[in-house]
Amino acid sequence: MTTTQASFSSAAIHVIGQYNDAGKTLVGAYRAGVHRLLGGAASRYSEFLGSRQIPLVSEQVKANLIGAQEKINGFLANRLDIDTGRIVSVMDRVAAGTTSGIETVAGRVARVESPVVTSVVKTLNALNQPIANVSVQIADKVAAGARQIEVRVSGTEEAKPVRSVKAKAAAAKKPVRRTAARKAA
């Protein structure tokens with residue numbers, strides 16, 4: 001979708017879709033990060049128990065402890081998948097409802113045949129279209145940034161370095177000189 005061709009309602013629908021995708025991508029990144037965390041903790045725990053000679057702890061006890069750790073990790077991973085799946089489902093329902101509402105309003109406005117209302121709608125659309133275009137661009141950047149975060153958190157691919165924006169230093173303010181007349185007042 002090019003921003004110059006987008007109508008106000010299609011821009012709004014695009015923005016909602018992009019934010020929904022970004023939200024789902026961030027939920028996926030969270031899920032992948034927690035799975036990595038659980039896997040790393042389990043492997044370190046297994047290595048720790050396997051490489052140490054702990055007094056009064058037999059190999060059977062070590063195996064039982066590792067098995068308990070695996071069950072706990074499995075439970076936590078399962079809960080994570082269920083809960084993040086529910087979050088994604090809610091996000092999809094909200095986006096679908098919002099999109100449906102926008103389409104309904106746009107359809108009703110399109111059916112109005114009054115020249116005065118049509119003129120007002122065209123004027124409002126023309127005034128708000130630049131803001132809608134900027135919103136589309138921002139939503140596209142947010143979605144792309146969310147995908148970069150997901151790649152970085154999942155650790156599956158080499159992520160491109162994130163471009164940092166340096167803030168400009170605030171200009172030093174000159175001290176205000178007070179006049180004698182002002183001091184007397």
# chains A, B, ... in the order shown; residues from 1 in each chain; ligands from 1
>>> residues_around(residues="stretch 71-80 of chain A", least_positions_apart="2", cutoff="7 Å", atoms="only C-alpha atoms", output="list in words")
Arg31, His35, Leu38, Gly67, Ala68, Gln69, Ile82, Asp83 and Thr84 of chain A
>>> select_by_dssp(residues="chain A", states="alpha helix (DSSP H)", output="ChimeraX atom specification")
/A:8-51,59-111,115-154,180-184
>>> residues_around(residues="A:Gly101", least_positions_apart="6", cutoff="12 Å", atoms="only C-alpha atoms", output="JSON, numbers by chain")
{"A": [9, 12, 13, 16, 94, 95, 107, 108]}
>>> closest_residue(among="A:Phe8, A:Tyr30, A:Tyr45, A:Tyr19", to="A:Val121", atoms="only C-alpha atoms")
A:Phe8
>>> atom_distance(atom1="atom CA of A:Pro130", atom2="atom CA of A:Gly17")
18.9 Å
>>> decode(residues="stretch 33-56 of chain A", atoms="N, CA, C and O atoms", output="PDB file, in the first residue's frame")
ATOM      1  N   GLY A  33      11.970 -15.744  23.872  1.00  0.00           N
ATOM      2  CA  GLY A  33      12.949 -15.392  24.899  1.00  0.00           C
ATOM      3  C   GLY A  33      12.795 -16.215  26.159  1.00  0.00           C
ATOM      4  O   GLY A  33      13.781 -16.680  26.738  1.00  0.00           O
ATOM      5  N   VAL A  34      11.555 -16.426  26.580  1.00  0.00           N
ATOM      6  CA  VAL A  34      11.328 -17.227  27.783  1.00  0.00           C
ATOM      7  C   VAL A  34      11.690 -18.691  27.529  1.00  0.00           C
ATOM      8  O   VAL A  34      12.276 -19.350  28.391  1.00  0.00           O
ATOM      9  N   HIS A  35      11.380 -19.198  26.341  1.00  0.00           N
ATOM     10  CA  HIS A  35      11.779 -20.570  26.012  1.00  0.00           C
ATOM     11  C   HIS A  35      13.307 -20.706  26.036  1.00  0.00           C
ATOM     12  O   HIS A  35      13.834 -21.705  26.544  1.00  0.00           O
ATOM     13  N   ARG A  36      14.012 -19.709  25.493  1.00  0.00           N
ATOM     14  CA  ARG A  36      15.482 -19.737  25.549  1.00  0.00           C
ATOM     15  C   ARG A  36      15.972 -19.694  26.987  1.00  0.00           C
ATOM     16  O   ARG A  36      16.913 -20.402  27.352  1.00  0.00           O
ATOM     17  N   LEU A  37      15.347 -18.866  27.789  1.00  0.00           N
ATOM     18  CA  LEU A  37      15.726 -18.753  29.194  1.00  0.00           C
ATOM     19  C   LEU A  37      15.519 -20.072  29.925  1.00  0.00           C
ATOM     20  O   LEU A  37      16.401 -20.532  30.663  1.00  0.00           O
ATOM     21  N   LEU A  38      14.373 -20.684  29.710  1.00  0.00           N
ATOM     22  CA  LEU A  38      14.094 -21.972  30.356  1.00  0.00           C
ATOM     23  C   LEU A  38      15.072 -23.050  29.897  1.00  0.00           C
ATOM     24  O   LEU A  38      15.564 -23.838  30.707  1.00  0.00           O
ATOM     25  N   GLY A  39      15.350 -23.080  28.602  1.00  0.00           N
ATOM     26  CA  GLY A  39      16.290 -24.070  28.084  1.00  0.00           C
ATOM     27  C   GLY A  39      17.701 -23.866  28.623  1.00  0.00           C
ATOM     28  O   GLY A  39      18.393 -24.826  28.981  1.00  0.00           O
ATOM     29  N   GLY A  40      18.112 -22.612  28.707  1.00  0.00           N
ATOM     30  CA  GLY A  40      19.441 -22.319  29.241  1.00  0.00           C
ATOM     31  C   GLY A  40      19.555 -22.675  30.711  1.00  0.00           C
ATOM     32  O   GLY A  40      20.566 -23.243  31.154  1.00  0.00           O
ATOM     33  N   ALA A  41      18.524 -22.359  31.476  1.00  0.00           N
ATOM     34  CA  ALA A  41      18.543 -22.683  32.899  1.00  0.00           C
ATOM     35  C   ALA A  41      18.572 -24.195  33.104  1.00  0.00           C
ATOM     36  O   ALA A  41      19.295 -24.701  33.975  1.00  0.00           O
ATOM     37  N   ALA A  42      17.807 -24.923  32.305  1.00  0.00           N
ATOM     38  CA  ALA A  42      17.775 -26.381  32.442  1.00  0.00           C
ATOM     39  C   ALA A  42      19.127 -26.992  32.098  1.00  0.00           C
ATOM     40  O   ALA A  42      19.597 -27.899  32.794  1.00  0.00           O
ATOM     41  N   SER A  43      19.761 -26.496  31.049  1.00  0.00           N
ATOM     42  CA  SER A  43      21.055 -27.069  30.665  1.00  0.00           C
ATOM     43  C   SER A  43      22.129 -26.743  31.702  1.00  0.00           C
ATOM     44  O   SER A  43      22.964 -27.604  32.025  1.00  0.00           O
ATOM     45  N   ARG A  44      22.106 -25.521  32.240  1.00  0.00           N
ATOM     46  CA  ARG A  44      23.085 -25.178  33.275  1.00  0.00           C
ATOM     47  C   ARG A  44      22.865 -26.002  34.546  1.00  0.00           C
ATOM     48  O   ARG A  44      23.815 -26.445  35.179  1.00  0.00           O
ATOM     49  N   TYR A  45      21.617 -26.233  34.889  1.00  0.00           N
ATOM     50  CA  TYR A  45      21.291 -27.031  36.075  1.00  0.00           C
ATOM     51  C   TYR A  45      21.772 -28.471  35.890  1.00  0.00           C
ATOM     52  O   TYR A  45      22.383 -29.058  36.787  1.00  0.00           O
ATOM     53  N   SER A  46      21.515 -29.022  34.698  1.00  0.00           N
ATOM     54  CA  SER A  46      21.959 -30.388  34.412  1.00  0.00           C
ATOM     55  C   SER A  46      23.476 -30.494  34.425  1.00  0.00           C
ATOM     56  O   SER A  46      24.042 -31.448  34.972  1.00  0.00           O
ATOM     57  N   GLU A  47      24.143 -29.508  33.828  1.00  0.00           N
ATOM     58  CA  GLU A  47      25.606 -29.508  33.837  1.00  0.00           C
ATOM     59  C   GLU A  47      26.154 -29.411  35.256  1.00  0.00           C
ATOM     60  O   GLU A  47      27.115 -30.083  35.614  1.00  0.00           O
ATOM     61  N   PHE A  48      25.540 -28.548  36.049  1.00  0.00           N
ATOM     62  CA  PHE A  48      25.996 -28.367  37.424  1.00  0.00           C
ATOM     63  C   PHE A  48      25.887 -29.663  38.210  1.00  0.00           C
ATOM     64  O   PHE A  48      26.829 -30.078  38.869  1.00  0.00           O
ATOM     65  N   LEU A  49      24.725 -30.302  38.135  1.00  0.00           N
ATOM     66  CA  LEU A  49      24.543 -31.546  38.885  1.00  0.00           C
ATOM     67  C   LEU A  49      25.418 -32.668  38.339  1.00  0.00           C
ATOM     68  O   LEU A  49      25.959 -33.469  39.104  1.00  0.00           O
ATOM     69  N   GLY A  50      25.570 -32.727  37.022  1.00  0.00           N
ATOM     70  CA  GLY A  50      26.339 -33.805  36.414  1.00  0.00           C
ATOM     71  C   GLY A  50      27.831 -33.694  36.649  1.00  0.00           C
ATOM     72  O   GLY A  50      28.536 -34.699  36.730  1.00  0.00           O
ATOM     73  N   SER A  51      28.348 -32.482  36.758  1.00  0.00           N
ATOM     74  CA  SER A  51      29.793 -32.301  36.858  1.00  0.00           C
ATOM     75  C   SER A  51      30.307 -32.256  38.300  1.00  0.00           C
ATOM     76  O   SER A  51      31.498 -32.259  38.519  1.00  0.00           O
ATOM     77  N   ARG A  52      29.433 -32.212  39.266  1.00  0.00           N
ATOM     78  CA  ARG A  52      29.843 -32.098  40.662  1.00  0.00           C
ATOM     79  C   ARG A  52      29.647 -33.417  41.402  1.00  0.00           C
ATOM     80  O   ARG A  52      28.704 -34.149  41.155  1.00  0.00           O
ATOM     81  N   GLN A  53      30.538 -33.643  42.317  1.00  0.00           N
ATOM     82  CA  GLN A  53      30.376 -34.746  43.261  1.00  0.00           C
ATOM     83  C   GLN A  53      29.845 -34.129  44.547  1.00  0.00           C
ATOM     84  O   GLN A  53      30.555 -33.447  45.274  1.00  0.00           O
ATOM     85  N   ILE A  54      28.569 -34.319  44.770  1.00  0.00           N
ATOM     86  CA  ILE A  54      27.937 -33.742  45.943  1.00  0.00           C
ATOM     87  C   ILE A  54      27.816 -34.837  46.989  1.00  0.00           C
ATOM     88  O   ILE A  54      27.267 -35.914  46.717  1.00  0.00           O
ATOM     89  N   PRO A  55      28.313 -34.575  48.213  1.00  0.00           N
ATOM     90  CA  PRO A  55      28.246 -35.596  49.261  1.00  0.00           C
ATOM     91  C   PRO A  55      26.801 -35.989  49.556  1.00  0.00           C
ATOM     92  O   PRO A  55      25.902 -35.160  49.561  1.00  0.00           O
ATOM     93  N   LEU A  56      26.591 -37.239  49.756  1.00  0.00           N
ATOM     94  CA  LEU A  56      25.300 -37.826  50.121  1.00  0.00           C
ATOM     95  C   LEU A  56      24.246 -37.730  49.009  1.00  0.00           C
ATOM     96  O   LEU A  56      23.063 -37.920  49.262  1.00  0.00           O
TER      97      LEU A  56
END
